[in-house]
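**Q** Pasting in a structure now, in structure tokens, and then I'll have a few things to ask.
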Amino acid sequence: MSALGVVGGVLQPLLVAAGAPLLVGVTRQVRARLEGRAGPGVGQPWRDLRKLLRKEAITPRGTSEVFRLAPLVLVATTLVVAVVVPFVTTDSALDPVADLFAVVALLALGTVAVALAGLDTGTAFGGMGASREMTIIALVEPTLLVAIFALSVRVGSTNLASIVASTLHDPARVISPVSLLAAVALIVVIVAETGRLPVDNPATHLELTMVHEAMVLEYAGPDLALVELASAMRLTVFLGLLANLFLPWGIATTATALAVLGGVLAFALKVTLLGAVLAVGEVFLAKLRLFRVPELLAGSFLLALLAVAASFFLA
Amino acid sequence: MLRLWRKIRRAGRVAEPAPPPPADEQPAVAAGLGGSVQFRHLDAGSCNGCEVEIASAFGPVYDAERYGARLVASPRHADALLVTGPVTRNMAEPLRRTYEAVPAPKLVVAVGDCARDCGVFAGAYGVAGAVRDVVPVDLEITGCPPRPEAIVEAVRVLTGR
Ligand code: SF4
């Protein structure tokens, strides 16, 4: 474990946890402005979280430990991912965990925990949300794996830190067909996995159109604060992963104060920009019918598969 | 897509400038919420006139969201209930249960003359009473239906912004 890895391992989770609600605030503010509204300001998600933490905790009658533990599992897995993935520094605090398969498995574990909690409440909407989420995740996870795998073929390692470092040394790779195909596939699955339009609408009040919201309808107070913080952090983690896999510039390669500061600023800038682009895209999109979502995701899987094929044949 | 973009450019900002903050005092319960109040709307038997006004209060022109309010999908996520209409016999129990499902500290806002004192439906055979006969009410909004400005003002009293 290098000094750079330790710096990254401490800074990254703090940055992701503190910045994630602000990122959600930015996406909401951008959307509000494009809709002609004034918007509540980027600090609103933090105000919501502060208030939720002070509210009464309610666990519905008939729910088990699964319901109580799910928010903790969701936050914990996301925090581990924030520690290990190269966001601010190219070295990872826990190098073996910064592996493609470990990171994707951790993120999937969080999703499954929430889906089980949705089932545990025994309400109609909880079960419906869980079954929809499982449909989507079953199509998202393979695409996520295959798309990043396409990038790892030329590096010869599935370690995310090595992938990022090798892109840094060989910038021409970014515009290769492999990268472009993988990038498009990854963008589609990230939109699906973080529950944004056109797959899921994060601002909906209609139970029949919900996916993620339907599973967390029964959470209240501090538990809800954890779930909301974790979903904001997952959005940040996914956008950060996208940014650093394809545009890693600015990331700190040495443990000097200046380099680390540059890494923090570059990460914040990239993720904020991607969040703003996501919000602008959402204004132009309507939600897809649920039965059309698998077609979209199958298309992105095809692109990911083409990326892998290209990485073998064009290497 | 280009058409939509041009429309967005042309419309610009449609939200009206924020009126001066309301003079009414913020209830003590709401002060602890720190500028973020989430509302669950509950129709206890209204004619839907109040709903239309609530929708426009949270629409782009009046934009109640800029003061830190938001409509949510579940009473568990809410801090305040927006109850409209006279409470009908069939809705009295659901209203009570919804109130119980909201985590404390909680508030109830009675929207419209019907919610305050049954309005034009007073004495009708299906009506169980006004909202305050079923659950404690913290704030009332007059009007049949209340203007969106009045709803926004009540929202601002609660968020304190
Ligand atoms: S107050 Fe007026 S608009 Fe509102 S529910 Fe009653 S009759 Fe309808």
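Convention: chains lettered A, B, ... in structure tokens order; per-chain residue numbering from 1; ligands numbered from 1 as shown.
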Contacts from chain B to chain A, 6 Å maximum, only C-alpha atoms: show me the residue list as a PyMOL selection string.
**A** chain B and resi 12-15+33+36+60+65-66+68+73-74+76-77+103-104
**Q** Taking N, CA, C and O atoms for each residue, export the selection above as a tab-separated table (two decimals), in the first residue's frame.
**A**
chain	number	residue	atom	x	y	z
B	12	GLY	N	-37.52	30.75	-21.68
B	12	GLY	CA	-36.64	31.27	-20.62
B	12	GLY	C	-37.19	30.89	-19.26
B	12	GLY	O	-37.62	29.77	-19.04
B	13	ARG	N	-37.20	31.88	-18.36
B	13	ARG	CA	-37.67	31.57	-17.02
B	13	ARG	C	-39.13	31.97	-16.89
B	13	ARG	O	-39.49	33.12	-17.13
B	14	VAL	N	-40.00	31.02	-16.56
B	14	VAL	CA	-41.42	31.34	-16.42
B	14	VAL	C	-41.81	31.53	-14.96
B	14	VAL	O	-42.89	32.02	-14.67
B	15	ALA	N	-40.92	31.12	-14.03
B	15	ALA	CA	-41.24	31.28	-12.61
B	15	ALA	C	-41.39	32.76	-12.30
B	15	ALA	O	-40.56	33.58	-12.71
B	33	LEU	N	-37.54	21.64	11.21
B	33	LEU	CA	-37.32	20.94	9.94
B	33	LEU	C	-36.23	21.61	9.11
B	33	LEU	O	-35.72	21.02	8.16
B	36	SER	N	-36.74	22.45	4.96
B	36	SER	CA	-37.05	21.37	4.02
B	36	SER	C	-38.31	20.68	4.51
B	36	SER	O	-38.31	20.04	5.55
B	60	PRO	N	-44.27	25.13	-12.73
B	60	PRO	CA	-43.16	26.06	-12.99
B	60	PRO	C	-43.46	27.51	-12.65
B	60	PRO	O	-42.55	28.23	-12.27
B	65	GLU	N	-41.35	24.61	-5.11
B	65	GLU	CA	-40.14	23.83	-4.78
B	65	GLU	C	-38.95	24.72	-4.46
B	65	GLU	O	-38.04	24.29	-3.77
B	66	ARG	N	-38.97	25.96	-4.97
B	66	ARG	CA	-37.80	26.81	-4.71
B	66	ARG	C	-37.70	27.19	-3.24
B	66	ARG	O	-36.66	27.64	-2.79
B	68	GLY	N	-38.04	25.05	-0.83
B	68	GLY	CA	-37.63	23.87	-0.06
B	68	GLY	C	-38.75	22.88	0.20
B	68	GLY	O	-38.61	22.00	1.03
B	73	ALA	N	-44.18	10.68	-2.58
B	73	ALA	CA	-45.11	9.63	-2.96
B	73	ALA	C	-45.59	8.81	-1.77
B	73	ALA	O	-46.47	7.98	-1.92
B	74	SER	N	-44.99	8.99	-0.59
B	74	SER	CA	-45.32	8.12	0.52
B	74	SER	C	-45.42	8.94	1.81
B	74	SER	O	-44.62	9.83	2.03
B	76	ARG	N	-44.58	8.05	4.63
B	76	ARG	CA	-43.37	7.79	5.41
B	76	ARG	C	-42.26	8.78	5.06
B	76	ARG	O	-41.37	9.02	5.86
B	77	HIS	N	-42.27	9.30	3.83
B	77	HIS	CA	-41.24	10.26	3.42
B	77	HIS	C	-41.63	11.68	3.77
B	77	HIS	O	-40.84	12.59	3.59
B	103	PRO	N	-43.75	10.01	10.09
B	103	PRO	CA	-42.86	10.05	11.25
B	103	PRO	C	-42.87	11.43	11.91
B	103	PRO	O	-42.93	12.44	11.22
B	104	ALA	N	-42.86	11.47	13.25
B	104	ALA	CA	-42.85	12.74	13.98
B	104	ALA	C	-41.51	13.44	13.78
B	104	ALA	O	-40.51	12.75	13.58
**Q** So which residues touch segment 44-56 of chain B within 8 Å, counting only C-alpha atoms, skipping near sequence neighbours fewer than 3 positions away, as a ChimeraX atom specification?
**A** /B:59-62,83-88,91-92,95,111-112,114,144-148,151
**Q** Would you please give, as a VMD selection string, all residues of segment 106-255 of chain A that DSSP assigns to alpha helix (DSSP H) based on the backbone?
**A** chain A and resid 106 to 120 124 to 155 160 to 169 177 to 193 212 to 215 221 to 246
**Q** Do a neighbour search on Pro171 of chain A at 10 Å with only C-alpha atoms, toss out local chain neighbours closer than 5 positions, and write the hits as a PyMOL selection string.
**A** chain A and resi 166+176+246-249
**Q** Hey, can you check how far atom CA of Glu100 of chain B sits from atom CA of Arg40 of chain B?
**A**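 Atom CA of Glu100 of chain B sits 12.8 Å away from atom CA of Arg40 of chain B.
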**Q** Neighbours of Ile163 of chain A within 12 Å (only C-alpha atoms; same-chain residues fewer than 3 positions away dropped), as a ChimeraX atom specification?
**A** /A:85-86,90-91,98-100,148-160,166-171,173-174,179,241,244-248
**Q** Hey, can you spit out that residue selection with N, CA and C atoms as a short mmCIF file (atom, residue, chain, number, x, y, z; two decimals), in the first residue's frame?
**A**
data_model
loop_
_atom_site.label_atom_id
_atom_site.label_comp_id
_atom_site.auth_asym_id
_atom_site.auth_seq_id
_atom_site.Cartn_x
_atom_site.Cartn_y
_atom_site.Cartn_z
N VAL A 85 -11.88 2.50 -5.73
CA VAL A 85 -11.81 2.83 -7.16
C VAL A 85 -10.94 4.07 -7.36
N PRO A 86 -10.07 4.09 -8.38
CA PRO A 86 -9.21 5.26 -8.58
C PRO A 86 -9.99 6.48 -9.06
N THR A 90 -4.25 7.53 -8.65
CA THR A 90 -4.18 6.32 -9.48
C THR A 90 -3.91 5.08 -8.65
N ASP A 91 -3.32 5.25 -7.44
CA ASP A 91 -3.10 4.08 -6.60
C ASP A 91 -4.34 3.85 -5.76
N ALA A 98 -9.84 -3.27 -5.81
CA ALA A 98 -10.09 -2.35 -6.92
C ALA A 98 -10.24 -3.11 -8.22
N ASP A 99 -10.67 -4.35 -8.13
CA ASP A 99 -10.79 -5.20 -9.30
C ASP A 99 -12.17 -5.00 -9.91
N LEU A 100 -12.22 -5.11 -11.22
CA LEU A 100 -13.49 -4.91 -11.93
C LEU A 100 -14.61 -5.76 -11.35
N ILE A 148 -16.47 -2.88 -19.27
CA ILE A 148 -15.18 -2.54 -18.65
C ILE A 148 -14.14 -3.60 -19.01
N PHE A 149 -14.62 -4.84 -19.19
CA PHE A 149 -13.70 -5.91 -19.57
C PHE A 149 -13.04 -5.60 -20.91
N ALA A 150 -13.80 -4.98 -21.81
CA ALA A 150 -13.23 -4.62 -23.12
C ALA A 150 -12.04 -3.70 -22.94
N LEU A 151 -12.10 -2.82 -21.94
CA LEU A 151 -11.00 -1.90 -21.71
C LEU A 151 -9.82 -2.61 -21.06
N SER A 152 -10.13 -3.67 -20.29
CA SER A 152 -9.06 -4.33 -19.55
C SER A 152 -8.26 -5.27 -20.44
N VAL A 153 -8.81 -5.65 -21.63
CA VAL A 153 -8.13 -6.64 -22.46
C VAL A 153 -6.72 -6.18 -22.84
N ARG A 154 -6.62 -4.91 -23.28
CA ARG A 154 -5.32 -4.44 -23.73
C ARG A 154 -4.35 -4.23 -22.58
N VAL A 155 -4.90 -3.94 -21.40
CA VAL A 155 -4.04 -3.73 -20.24
C VAL A 155 -3.56 -5.07 -19.69
N GLY A 156 -4.35 -6.11 -19.92
CA GLY A 156 -3.97 -7.42 -19.42
C GLY A 156 -4.27 -7.59 -17.95
N SER A 157 -5.13 -6.75 -17.41
CA SER A 157 -5.46 -6.87 -15.98
C SER A 157 -6.85 -6.29 -15.78
N THR A 158 -7.61 -6.89 -14.86
CA THR A 158 -8.94 -6.34 -14.59
C THR A 158 -8.90 -5.35 -13.43
N ASN A 159 -7.69 -4.97 -13.02
CA ASN A 159 -7.57 -4.00 -11.94
C ASN A 159 -7.90 -2.60 -12.47
N LEU A 160 -8.85 -1.93 -11.83
CA LEU A 160 -9.30 -0.64 -12.36
C LEU A 160 -8.18 0.39 -12.33
N SER A 166 -3.02 3.02 -17.43
CA SER A 166 -2.56 2.76 -18.80
C SER A 166 -3.21 3.73 -19.78
N THR A 167 -4.46 4.13 -19.54
CA THR A 167 -5.07 5.14 -20.41
C THR A 167 -4.32 6.45 -20.29
N LEU A 168 -3.84 6.73 -19.08
CA LEU A 168 -3.11 7.96 -18.83
C LEU A 168 -1.82 8.00 -19.64
N HIS A 169 -1.17 6.82 -19.80
CA HIS A 169 0.10 6.75 -20.52
C HIS A 169 -0.10 6.72 -22.02
N ASP A 170 -1.26 6.32 -22.45
CA ASP A 170 -1.48 6.14 -23.89
C ASP A 170 -2.81 6.80 -24.28
N PRO A 171 -2.83 8.15 -24.36
CA PRO A 171 -4.10 8.88 -24.56
C PRO A 171 -4.82 8.50 -25.85
N ARG A 173 -5.71 5.85 -26.94
CA ARG A 173 -6.69 4.78 -26.74
C ARG A 173 -8.11 5.28 -26.61
N VAL A 174 -8.23 6.50 -26.10
CA VAL A 174 -9.58 7.00 -25.80
C VAL A 174 -10.44 7.07 -27.05
N SER A 179 -12.87 1.84 -27.15
CA SER A 179 -13.26 2.77 -26.09
C SER A 179 -14.61 3.38 -26.38
N LEU A 241 -16.66 6.72 -12.21
CA LEU A 241 -16.08 5.57 -12.91
C LEU A 241 -16.06 5.84 -14.41
N ASN A 244 -13.38 8.54 -15.17
CA ASN A 244 -11.98 8.17 -15.04
C ASN A 244 -11.57 7.02 -15.94
N LEU A 245 -12.52 6.21 -16.41
CA LEU A 245 -12.15 5.14 -17.33
C LEU A 245 -11.86 5.72 -18.72
N PHE A 246 -12.56 6.79 -19.07
CA PHE A 246 -12.39 7.30 -20.43
C PHE A 246 -11.64 8.62 -20.48
N LEU A 247 -11.72 9.43 -19.44
CA LEU A 247 -10.99 10.71 -19.42
C LEU A 247 -10.27 10.85 -18.08
N PRO A 248 -9.21 10.09 -17.88
CA PRO A 248 -8.60 10.07 -16.54
C PRO A 248 -7.73 11.29 -16.23
#
